[in-house]
$ cat run_5.txt   # compact mmCIF, C-alpha atoms
# COMPACT_ATOMS: atom_id res chain seq x y z
CA MET B 1 191.51 85.52 -7.44
CA LYS B 2 194.00 84.07 -9.89
CA ILE B 3 194.82 86.45 -12.73
CA VAL B 4 196.99 85.51 -15.69
CA PHE B 5 198.97 88.14 -17.60
CA THR B 6 200.81 87.73 -20.90
CA ALA B 7 204.35 88.51 -19.89
CA THR B 8 207.85 89.03 -21.19
CA GLY B 9 209.44 88.42 -17.80
CA ASP B 10 208.72 86.79 -14.45
CA SER B 11 208.08 89.72 -12.11
CA LEU B 12 205.24 92.23 -11.70
CA SER B 13 207.47 94.94 -13.18
CA ALA B 14 207.81 92.93 -16.42
CA PRO B 15 206.24 94.32 -19.60
CA LEU B 16 202.71 93.18 -20.45
CA ASP B 17 203.06 91.36 -23.80
CA PRO B 18 200.35 92.58 -26.19
CA ARG B 19 200.08 89.14 -27.85
CA PHE B 20 198.16 86.29 -26.31
CA GLY B 21 198.82 83.06 -28.27
CA ARG B 22 202.38 83.98 -29.08
CA ALA B 23 203.38 85.62 -25.81
CA PRO B 24 206.70 84.22 -24.56
CA GLY B 25 205.12 83.35 -21.23
CA PHE B 26 202.35 83.88 -18.68
CA LEU B 27 202.56 85.27 -15.22
CA ILE B 28 199.89 84.05 -12.83
CA TYR B 29 199.24 86.33 -9.88
CA ASP B 30 197.13 85.12 -7.00
CA ASP B 31 196.14 88.38 -5.29
CA GLU B 32 194.73 86.58 -2.24
CA ASN B 33 198.09 85.29 -1.07
CA GLY B 34 200.40 87.39 -3.28
CA THR B 35 202.03 84.40 -5.02
CA LEU B 36 203.46 84.63 -8.52
CA LYS B 37 203.89 81.76 -10.93
CA SER B 38 205.55 81.88 -14.32
CA VAL B 39 204.44 79.58 -17.16
CA ASN B 40 206.52 79.19 -20.30
CA ASN B 41 204.70 79.50 -23.64
CA GLU B 42 207.66 79.06 -25.99
CA GLN B 43 206.17 75.95 -27.56
CA ASN B 44 203.21 77.98 -28.81
CA LEU B 45 205.37 80.97 -29.70
CA ASN B 46 206.80 78.83 -32.49
CA ALA B 47 203.64 76.91 -33.44
CA ALA B 48 202.66 76.92 -37.12
CA GLN B 49 198.99 77.32 -36.30
CA GLY B 50 196.58 77.05 -33.37
CA ALA B 51 198.85 79.03 -31.02
CA GLY B 52 195.91 80.86 -29.46
CA ILE B 53 193.95 77.67 -28.86
CA GLN B 54 196.90 75.89 -27.29
CA ALA B 55 197.81 78.90 -25.17
CA ALA B 56 194.19 79.05 -23.96
CA LEU B 57 194.33 75.35 -23.11
CA LEU B 58 197.60 75.88 -21.24
CA ILE B 59 196.18 78.58 -19.00
CA CYS B 60 192.88 76.69 -18.51
CA LYS B 61 194.93 73.94 -16.88
CA GLN B 62 196.29 76.50 -14.40
CA GLY B 63 192.81 77.08 -13.01
CA VAL B 64 192.81 80.86 -13.42
CA ASP B 65 189.81 83.17 -13.17
CA CYS B 66 190.72 85.80 -15.74
CA LEU B 67 193.22 86.84 -18.38
CA ILE B 68 194.68 90.29 -18.93
CA THR B 69 196.38 90.75 -22.29
CA GLY B 70 196.73 93.14 -25.22
CA HIS B 71 195.01 91.25 -28.01
CA CYS B 72 193.11 88.00 -28.21
CA GLY B 73 192.01 86.27 -31.42
CA PRO B 74 188.64 84.62 -32.11
CA LYS B 75 189.56 80.97 -31.50
CA ALA B 76 191.47 81.71 -28.30
CA PHE B 77 188.55 83.85 -27.11
CA GLN B 78 186.08 81.07 -27.88
CA THR B 79 188.20 78.56 -25.98
CA LEU B 80 188.66 80.85 -22.96
CA THR B 81 184.94 81.65 -22.88
CA ALA B 82 184.10 77.95 -22.92
CA ALA B 83 186.44 77.50 -19.95
CA ASN B 84 184.75 80.39 -18.09
CA ILE B 85 187.87 82.53 -18.11
CA LYS B 86 187.11 86.23 -18.44
CA VAL B 87 189.27 88.17 -20.89
CA TYR B 88 190.35 91.78 -20.26
CA HIS B 89 192.06 93.72 -23.03
CA CYS B 90 194.55 96.19 -21.68
CA LYS B 91 197.06 98.65 -23.12
CA ALA B 92 199.23 99.02 -19.99
CA GLU B 93 203.00 98.90 -20.37
CA THR B 94 203.74 96.71 -17.37
CA ILE B 95 201.94 93.98 -15.45
CA GLU B 96 201.91 96.12 -12.29
CA GLU B 97 200.19 98.89 -14.21
CA ALA B 98 197.70 96.45 -15.74
CA TYR B 99 196.88 95.02 -12.33
CA ALA B 100 196.36 98.52 -10.90
CA GLN B 101 193.94 99.34 -13.75
CA PHE B 102 192.11 96.08 -13.15
CA LYS B 103 191.76 96.70 -9.40
CA ALA B 104 190.59 100.26 -10.03
CA GLY B 105 187.80 98.83 -12.20
CA GLU B 106 189.13 100.53 -15.31
CA LEU B 107 189.04 97.32 -17.37
CA THR B 108 185.85 95.66 -18.54
CA ALA B 109 185.51 92.03 -19.50
CA ALA B 110 185.62 91.63 -23.29
CA GLU B 111 182.59 90.29 -25.11
CA THR B 112 184.44 89.55 -28.34
CA ALA B 113 187.92 88.94 -29.63
CA ASN B 114 189.86 92.09 -30.57
CA ALA B 115 192.24 90.57 -33.13
CA GLU B 116 191.73 88.89 -36.49
CA ALA B 117 192.34 85.19 -36.95
CA HIS B 118 195.78 84.60 -38.47
CA TRP B 119 194.94 81.39 -40.24
CA MET B 120 191.97 82.59 -42.25
CA MET A 1 202.73 59.58 -68.86
CA LYS A 2 201.94 62.11 -66.15
CA ILE A 3 203.99 65.29 -66.29
CA ALA A 4 203.83 67.89 -63.52
CA ILE A 5 204.44 71.43 -64.72
CA ALA A 6 205.72 72.98 -61.52
CA SER A 7 207.87 75.78 -60.13
CA GLY A 8 208.94 77.21 -56.85
CA LYS A 9 208.28 80.80 -57.86
CA GLY A 10 204.84 81.84 -59.03
CA GLY A 11 204.31 83.59 -62.35
CA THR A 12 207.15 81.86 -64.20
CA GLY A 13 204.94 80.37 -66.92
CA LYS A 14 203.52 77.05 -65.69
CA THR A 15 200.11 77.70 -67.18
CA THR A 16 201.60 79.15 -70.39
CA ILE A 17 203.62 75.97 -70.91
CA SER A 18 200.86 73.60 -69.76
CA ALA A 19 198.36 75.04 -72.22
CA ALA A 20 200.90 75.29 -75.04
CA LEU A 21 201.87 71.64 -74.48
CA ALA A 22 198.23 70.56 -74.57
CA PHE A 23 197.76 72.33 -77.92
CA SER A 24 201.05 71.01 -79.38
CA VAL A 25 201.04 67.28 -78.76
CA SER A 26 199.30 64.83 -81.07
CA CYS A 27 198.66 62.04 -78.54
CA PRO A 28 195.50 61.86 -76.38
CA VAL A 29 195.94 64.58 -73.75
CA ARG A 30 194.24 65.74 -70.58
CA LEU A 31 195.17 68.93 -68.75
CA LEU A 32 194.55 68.98 -65.00
CA ASP A 33 194.59 72.42 -63.42
CA CYS A 34 195.84 71.59 -59.92
CA ASP A 35 196.31 75.22 -58.90
CA VAL A 36 192.94 75.08 -57.17
CA GLU A 37 193.43 78.32 -55.24
CA GLU A 38 193.82 80.33 -58.44
CA PRO A 39 192.91 78.11 -61.41
CA ASN A 40 193.47 79.88 -64.73
CA SER A 41 194.21 77.17 -67.33
CA HIS A 42 190.63 77.43 -68.56
CA PHE A 43 191.32 80.93 -69.90
CA PHE A 44 193.68 79.35 -72.44
CA ILE A 45 192.05 75.96 -73.05
CA GLN A 46 188.55 77.51 -73.17
CA PRO A 47 186.88 74.17 -72.57
CA LYS A 48 183.23 73.38 -72.99
CA ILE A 49 182.14 72.35 -69.49
CA GLN A 50 180.46 68.95 -69.37
CA ARG A 51 179.89 68.49 -65.67
CA LYS A 52 180.81 69.64 -62.18
CA GLU A 53 181.43 67.66 -59.00
CA LYS A 54 181.47 68.92 -55.42
CA VAL A 55 184.52 68.18 -53.27
CA TYR A 56 184.16 67.53 -49.57
CA SER A 57 186.54 67.05 -46.69
CA LEU A 58 185.75 65.23 -43.46
CA VAL A 59 185.69 67.12 -40.17
CA PRO A 60 184.81 65.81 -36.71
CA THR A 61 181.65 66.43 -34.73
CA VAL A 62 181.35 65.52 -31.09
CA ASP A 63 178.38 63.86 -29.43
CA ALA A 64 178.35 65.67 -26.06
CA GLU A 65 176.35 62.81 -24.50
CA LYS A 66 179.06 60.25 -25.24
CA CYS A 67 182.07 62.54 -24.65
CA THR A 68 183.80 61.94 -21.32
CA GLY A 69 186.25 64.82 -21.80
CA CYS A 70 189.26 62.53 -21.65
CA GLY A 71 191.12 64.77 -24.12
CA GLU A 72 192.63 61.97 -26.24
CA CYS A 73 191.32 63.67 -29.43
CA GLY A 74 193.17 66.90 -28.60
CA ARG A 75 196.38 65.01 -27.87
CA VAL A 76 196.34 63.21 -31.21
CA CYS A 77 195.50 66.33 -33.27
CA GLN A 78 198.60 68.02 -34.66
CA PHE A 79 196.70 71.15 -35.72
CA SER A 80 194.69 72.18 -32.62
CA ALA A 81 191.53 71.53 -34.61
CA ILE A 82 189.93 69.72 -31.68
CA ILE A 83 190.52 70.35 -27.99
CA SER A 84 189.00 69.14 -24.79
CA LEU A 85 188.49 71.42 -21.80
CA GLY A 86 187.54 68.65 -19.42
CA SER A 87 183.79 68.69 -19.77
CA LYS A 88 183.61 70.49 -23.10
CA THR A 89 185.20 69.40 -26.40
CA MET A 90 185.51 72.04 -29.11
CA VAL A 91 186.10 71.66 -32.84
CA PHE A 92 187.71 74.27 -35.14
CA PRO A 93 186.83 72.82 -38.57
CA GLU A 94 188.93 75.36 -40.50
CA LEU A 95 192.11 74.02 -38.87
CA CYS A 96 191.26 70.35 -39.53
CA HIS A 97 193.42 68.38 -42.00
CA SER A 98 190.90 65.50 -42.14
CA CYS A 99 193.29 62.84 -40.89
CA GLY A 100 190.53 61.08 -38.94
CA GLY A 101 192.82 60.48 -35.96
CA CYS A 102 190.43 61.96 -33.38
CA ALA A 103 187.51 59.76 -34.47
CA ARG A 104 189.73 56.70 -34.40
CA ILE A 105 191.26 57.33 -30.98
CA CYS A 106 188.04 58.35 -29.17
CA PRO A 107 187.44 55.56 -26.61
CA THR A 108 183.69 56.17 -26.37
CA GLY A 109 182.92 56.65 -30.06
CA ALA A 110 181.73 60.20 -29.41
CA ILE A 111 183.36 61.57 -32.57
CA THR A 112 181.97 61.08 -36.06
CA GLU A 113 183.30 62.63 -39.23
CA VAL A 114 180.93 64.70 -41.32
CA ARG A 115 181.35 66.09 -44.83
CA LYS A 116 182.19 69.74 -45.33
CA GLU A 117 182.00 71.21 -48.83
CA ILE A 118 185.32 72.80 -49.78
CA GLY A 119 185.36 73.11 -53.56
CA THR A 120 184.28 72.02 -57.02
CA ILE A 121 185.78 69.99 -59.85
CA VAL A 122 184.99 71.19 -63.36
CA ILE A 123 185.22 68.68 -66.21
CA GLY A 124 185.16 69.58 -69.88
CA ALA A 125 186.99 69.51 -73.19
CA HIS A 126 188.16 71.69 -76.04
CA GLY A 127 188.11 69.52 -79.14
CA GLU A 128 190.52 66.67 -78.46
CA ILE A 129 191.94 68.28 -75.35
CA GLU A 130 190.33 66.96 -72.19
CA PHE A 131 190.24 69.34 -69.28
CA VAL A 132 189.73 69.06 -65.51
CA SER A 133 190.07 71.93 -63.09
CA GLY A 134 189.66 72.21 -59.32
CA ARG A 135 188.27 75.30 -57.61
CA MET A 136 188.54 75.88 -53.91
CA ASP A 137 185.60 77.65 -52.26
CA VAL A 138 186.25 81.17 -51.01
CA GLY A 139 187.07 81.09 -47.29
CA GLN A 140 188.60 77.62 -47.32
CA ALA A 141 192.24 77.11 -46.39
CA MET A 142 193.03 73.47 -47.23
CA SER A 143 193.67 72.88 -50.92
CA PRO A 144 195.22 69.34 -50.92
CA PRO A 145 191.89 67.45 -50.77
CA ILE A 146 190.73 69.35 -53.89
CA ILE A 147 194.04 68.71 -55.65
CA ARG A 148 193.68 64.99 -54.86
CA ALA A 149 190.16 65.05 -56.28
CA VAL A 150 191.46 66.65 -59.51
CA LYS A 151 194.18 64.00 -59.70
CA GLN A 152 191.55 61.26 -59.60
CA HIS A 153 191.02 62.27 -63.24
CA GLU A 154 194.52 61.39 -64.45
CA ARG A 155 194.58 59.45 -67.71
CA THR A 156 195.85 55.88 -67.55
CA ASP A 157 197.21 56.14 -71.11
CA GLY A 158 198.32 59.03 -73.32
CA LEU A 159 199.50 62.23 -71.68
CA THR A 160 198.31 63.93 -68.50
CA ILE A 161 199.63 67.45 -67.93
CA LEU A 162 199.31 68.75 -64.38
CA ASP A 163 199.44 72.53 -64.07
CA CYS A 164 200.69 72.66 -60.47
CA PRO A 165 200.38 75.32 -57.75
CA PRO A 166 203.52 77.37 -57.04
CA GLY A 167 205.63 77.13 -53.91
CA THR A 168 207.08 73.99 -52.38
CA SER A 169 204.60 73.35 -49.57
CA CYS A 170 201.69 70.90 -49.23
CA PRO A 171 199.76 71.98 -52.38
CA PHE A 172 202.88 71.64 -54.55
CA ILE A 173 203.77 68.25 -53.04
CA THR A 174 200.21 66.94 -53.35
CA ALA A 175 200.14 67.88 -57.04
CA VAL A 176 203.61 66.62 -57.96
CA LYS A 177 203.59 63.38 -55.95
CA GLY A 178 203.01 60.29 -58.07
CA CYS A 179 203.81 62.01 -61.37
CA ASP A 180 206.22 60.26 -63.74
CA ALA A 181 208.24 63.43 -64.18
CA ALA A 182 208.25 67.12 -63.41
CA LEU A 183 209.13 70.10 -65.58
CA LEU A 184 210.33 72.90 -63.33
CA VAL A 185 209.59 76.22 -65.01
CA THR A 186 211.63 79.20 -63.94
CA GLU A 187 212.94 82.58 -65.09
CA PRO A 188 216.54 83.81 -65.16
CA THR A 189 216.15 86.21 -62.22
CA PRO A 190 217.76 85.87 -58.76
CA PHE A 191 214.32 85.12 -57.32
CA GLY A 192 213.66 82.55 -60.07
CA LEU A 193 216.93 80.78 -59.27
CA HIS A 194 216.36 80.89 -55.51
CA ASP A 195 212.94 79.26 -55.76
CA LEU A 196 214.10 76.81 -58.42
CA LYS A 197 216.63 75.49 -55.90
CA LEU A 198 213.83 74.92 -53.38
CA ALA A 199 211.74 73.12 -56.01
CA VAL A 200 214.74 70.99 -57.05
CA ASP A 201 215.36 69.99 -53.41
CA THR A 202 211.69 69.04 -53.07
CA VAL A 203 211.37 66.91 -56.23
CA ARG A 204 214.66 65.20 -55.39
CA GLU A 205 213.25 64.36 -51.96
CA LEU A 206 210.12 62.99 -53.66
CA ASN A 207 212.30 60.99 -56.05
CA ILE A 208 210.63 62.42 -59.14
CA PRO A 209 212.70 62.68 -62.34
CA PHE A 210 212.76 66.26 -63.56
CA GLY A 211 214.09 68.76 -66.05
CA VAL A 212 214.15 72.55 -66.16
CA VAL A 213 212.52 75.02 -68.55
CA VAL A 214 213.66 78.66 -68.56
CA ASN A 215 211.00 81.16 -69.55
CA ARG A 216 211.61 84.79 -70.58
CA SER A 217 215.21 84.00 -71.44
CA ILE A 218 217.22 86.97 -72.76
CA ALA A 219 220.49 85.12 -73.28
CA LYS A 220 221.07 81.36 -73.39
CA GLU A 221 223.95 81.76 -70.96
CA ASN A 222 222.21 82.84 -67.76
CA ARG A 223 222.27 82.05 -64.02
CA ILE A 224 219.81 79.16 -64.45
CA ALA A 225 221.92 77.56 -67.18
CA HIS A 226 224.96 77.93 -64.95
CA TYR A 227 223.18 76.36 -61.97
CA CYS A 228 221.82 73.45 -64.02
CA ARG A 229 225.27 72.69 -65.39
CA GLU A 230 226.78 72.73 -61.91
CA GLU A 231 224.08 70.46 -60.54
CA GLY A 232 223.95 68.09 -63.51
CA ILE A 233 220.31 69.02 -64.17
CA SER A 234 218.87 68.74 -67.70
CA LEU A 235 217.97 72.20 -68.99
CA LEU A 236 215.48 71.14 -71.63
CA LEU A 237 214.17 74.36 -73.12
CA GLN A 238 214.65 78.12 -73.07
CA ILE A 239 211.72 80.23 -74.17
CA PRO A 240 212.82 83.66 -75.37
CA GLU A 241 211.60 86.86 -73.75
CA ASP A 242 209.07 88.31 -76.16
CA ARG A 243 206.52 91.02 -75.46
CA ARG A 244 204.11 89.39 -77.91
CA VAL A 245 203.86 86.33 -75.63
CA ALA A 246 202.79 88.50 -72.70
CA GLU A 247 200.29 90.35 -74.87
CA ALA A 248 198.84 87.07 -76.13
CA TYR A 249 198.68 85.73 -72.55
CA SER A 250 196.71 88.78 -71.44
CA ARG A 251 194.14 87.96 -74.13
CA GLY A 252 193.90 84.25 -73.25
CA LYS A 253 195.96 83.13 -76.25
CA THR A 254 198.61 80.44 -76.02
CA LEU A 255 202.34 80.74 -76.54
CA THR A 256 202.17 78.81 -79.83
CA ALA A 257 199.64 81.27 -81.23
CA VAL A 258 202.38 83.93 -81.41
CA LEU A 259 205.46 81.72 -81.61
CA PRO A 260 204.33 78.82 -83.85
CA GLU A 261 207.95 77.68 -84.10
CA MET A 262 207.70 76.68 -80.40
CA ARG A 263 205.32 73.86 -81.27
CA ALA A 264 208.06 71.49 -82.48
CA LYS A 265 210.20 72.43 -79.48
CA LEU A 266 207.34 71.62 -77.10
CA VAL A 267 206.82 68.24 -78.77
CA ALA A 268 210.56 67.61 -78.33
CA LEU A 269 210.25 68.74 -74.69
CA VAL A 270 207.66 66.01 -74.00
CA LYS A 271 209.92 63.48 -75.73
CA ASP A 272 212.93 64.58 -73.65
CA ILE A 273 211.16 64.52 -70.30
CA THR A 274 209.64 61.12 -71.16
CA GLU A 275 213.16 59.89 -71.83
CA ILE A 276 214.34 61.26 -68.46
CA ALA A 277 211.43 59.51 -66.71
CA ARG A 278 212.24 56.21 -68.45
CA GLU A 279 215.91 56.36 -67.55
CA ALA A 280 215.18 57.00 -63.87

$ encode --input "run_5.txt" --output "structure tokens"
Amino acid sequence: MKIVFTATGDSLSAPLDPRFGRAPGFLIYDDENGTLKSVNNEQNLNAAQGAGIQAALLICKQGVDCLITGHCGPKAFQTLTAANIKVYHCKAETIEEAYAQFKAGELTAAETANAEAHWM
Amino acid sequence: MKIAIASGKGGTGKTTISAALAFSVSCPVRLLDCDVEEPNSHFFIQPKIQRKEKVYSLVPTVDAEKCTGCGECGRVCQFSAIISLGSKTMVFPELCHSCGGCARICPTGAITEVRKEIGTIVIGAHGEIEFVSGRMDVGQAMSPPIIRAVKQHERTDGLTILDCPPGTSCPFITAVKGCDAALLVTEPTPFGLHDLKLAVDTVRELNIPFGVVVNRSIAKENRIAHYCREEGISLLLQIPEDRRVAEAYSRGKTLTAVLPEMRAKLVALVKDITEIAREA
């Protein structure tokens, strides 16, 4: 299973960034073969608008199964849902911790966004 | 003659001056309230409304049958208002700036533009003063199409006064663009000066002749006067700080109602800015 985390670093011990659209980067963890891949999101970090949508598009292209992040806005959520990517909201400090919570079944797939739209 | 009454900072007196100008001049005059997000000129003009017109913007819709998911629409859109996820193409109408690029680039003609109601234009008059105001619908975010619709009502002769939105971003530029001259209204505070500089940079970039009006002036020698002198900008009028003006404003009365001596100065202001526009 390929899981994407919003990350401020490129290892499993990196902090889980609570923001989705404006996270500095994404860490993709494939727990079947233990590989890690880091994806830069700086372009969207500085976007005037539509950061969530573009970030969602970026991770869709990576062919992931689910996203673990702090907060996800309505347009990003809509885009991720359309791409069949499950969203898990998580308050963990680090990616390791978030993954442990996910594996222990402590996280449930979100049915709605948990952040307000920034544009309107 | 089309004069934009503009400012960088909000609350400096654009509407006060726009309305007072409309009541002071003797030529045919039309006041356009271009501050469509918070129109308030009507409080002072108190026009009799003759008619209303709806304003629409165009947003894309996608025919899923024709869409191949090529993603060209998403690549051309600068605002993430349309994206393609391979098989599915999604539209976020509230982010759309109505450029029409997606519909034009779509190789299979799957995208058509449909009208979305975004506001209303109100047309009326108070005696000889003609009045047009734009009002953006609650929940909308794009004011420029409404401002452009208001500007369709500019007079071809006489005087058109455009009460512009504050700031220096798209709404300001949309309102000021194409005017013969701009009057930048400011106040002698640090914030007033800071935002005046931004407005000056913007109108210079747009190549619009302009002059400055200082409102709520306590002393003629102030930081705005100093700045204008340094920059070679015409400081055309200083309106004195006077509590009676604020009290009148709060009751929907114009500046000239309490300071009738301002009337001649406002007439001279129009003459001066017309002169600046001619010389440019």

$ interface_residues --input "run_5.txt" --of "chain B" --to "chain A" --cutoff "8 Å" --atoms "only C-alpha atoms" --output "PyMOL selection string"
chain B and resi 49-50+53-54+57+60+75+79+82-83+119-120

$ closest_residue --input "run_5.txt" --among "A:Asn222, A:Ser169, A:Asn40, A:Thr68" --to "A:Gly109" --atoms "all atoms listed in the file"
A:Thr68

$ atom_distance --input "run_5.txt" --atom1 "atom CA of A:Asn215" --atom2 "atom CA of A:Phe172"
19.5 Å

$ atom_distance --input "run_5.txt" --atom1 "atom CA of A:Glu221" --atom2 "atom CA of A:Gln238"
10.2 Å

$ atom_distance --input "run_5.txt" --atom1 "atom CA of A:Gly134" --atom2 "atom CA of A:Val36"
4.9 Å

$ axis_aligned_box --input "run_5.txt" --around "stretch 74-83 of chain B" --padding-each-side "6 Å" --output "AutoDock Vina command-line options"
--center_x 187.8 --center_y 81.1 --center_z -26.0 --size_x 19.4 --size_y 19.1 --size_z 24.2

$ residues_around --input "run_5.txt" --residues "B:Val64" --least-positions-apart "4" --cutoff "10 Å" --atoms "all atoms listed in the file" --output "PyMOL selection string"
chain B and resi 1-4+28-30+59-60+83-86

$ decode --input "run_5.txt" --residues "stretch 218-226 of chain A" --atoms "all heavy atoms" --output "CSV table (one decimal), in the first residue's frame"
chain,number,residue,atom,x,y,z
A,218,ILE,N,-4.8,68.5,8.9
A,218,ILE,CA,-4.7,69.3,10.0
A,218,ILE,C,-3.8,70.5,9.8
A,218,ILE,O,-4.1,71.6,10.2
A,218,ILE,CB,-4.2,68.5,11.3
A,218,ILE,CG1,-5.3,67.4,11.6
A,218,ILE,CG2,-4.0,69.4,12.5
A,218,ILE,CD1,-4.8,66.4,12.5
A,219,ALA,N,-2.7,70.3,9.1
A,219,ALA,CA,-1.8,71.4,8.7
A,219,ALA,C,-1.5,71.2,7.2
A,219,ALA,O,-1.3,70.1,6.8
A,219,ALA,CB,-0.6,71.4,9.6
A,220,LYS,N,-1.4,72.3,6.5
A,220,LYS,CA,-1.1,72.2,5.0
A,220,LYS,C,0.3,71.5,4.8
A,220,LYS,O,0.5,70.9,3.8
A,220,LYS,CB,-1.0,73.6,4.4
A,220,LYS,CG,-2.4,74.2,4.3
A,220,LYS,CD,-2.9,74.4,2.9
A,220,LYS,CE,-4.3,74.8,2.9
A,220,LYS,NZ,-5.0,74.6,1.6
A,221,GLU,N,1.2,71.8,5.7
A,221,GLU,CA,2.5,71.2,5.6
A,221,GLU,C,2.5,69.8,6.3
A,221,GLU,O,2.5,69.8,7.6
A,221,GLU,CB,3.6,72.1,6.2
A,221,GLU,CG,5.0,71.8,5.8
A,221,GLU,CD,5.1,71.5,4.3
A,221,GLU,OE1,4.7,72.3,3.4
A,221,GLU,OE2,5.7,70.4,4.0
A,222,ASN,N,2.3,68.7,5.6
A,222,ASN,CA,2.2,67.4,6.2
A,222,ASN,C,3.1,66.4,5.3
A,222,ASN,O,3.6,66.8,4.3
A,222,ASN,CB,0.8,67.0,6.3
A,222,ASN,CG,0.0,67.1,5.0
A,222,ASN,OD1,0.5,66.6,4.0
A,222,ASN,ND2,-1.1,67.8,5.0
A,223,ARG,N,3.1,65.2,5.8
A,223,ARG,CA,3.9,64.2,5.1
A,223,ARG,C,3.5,63.9,3.7
A,223,ARG,O,4.4,63.6,2.8
A,223,ARG,CB,4.0,62.9,5.9
A,223,ARG,CG,2.7,62.3,6.3
A,223,ARG,CD,2.8,60.9,6.8
A,223,ARG,NE,3.5,60.8,8.1
A,223,ARG,CZ,3.0,61.0,9.3
A,223,ARG,NH1,1.8,61.4,9.4
A,223,ARG,NH2,3.8,60.8,10.3
A,224,ILE,N,2.2,64.1,3.4
A,224,ILE,CA,1.8,63.9,2.0
A,224,ILE,C,2.3,65.1,1.1
A,224,ILE,O,2.8,64.8,0.0
A,224,ILE,CB,0.2,63.8,1.9
A,224,ILE,CG1,-0.3,62.8,2.9
A,224,ILE,CG2,-0.2,63.5,0.5
A,224,ILE,CD1,0.0,61.4,2.6
A,225,ALA,N,2.2,66.3,1.6
A,225,ALA,CA,2.7,67.4,0.9
A,225,ALA,C,4.1,67.3,0.6
A,225,ALA,O,4.6,67.6,-0.5
A,225,ALA,CB,2.4,68.7,1.7
A,226,HIS,N,4.9,66.8,1.6
A,226,HIS,CA,6.3,66.6,1.5
A,226,HIS,C,6.6,65.6,0.4
A,226,HIS,O,7.5,65.8,-0.5
A,226,HIS,CB,6.9,66.2,2.8
A,226,HIS,CG,8.3,66.0,2.8
A,226,HIS,ND1,9.3,67.0,2.8
A,226,HIS,CD2,9.1,64.8,2.8
A,226,HIS,CE1,10.5,66.5,2.8
A,226,HIS,NE2,10.4,65.2,2.8
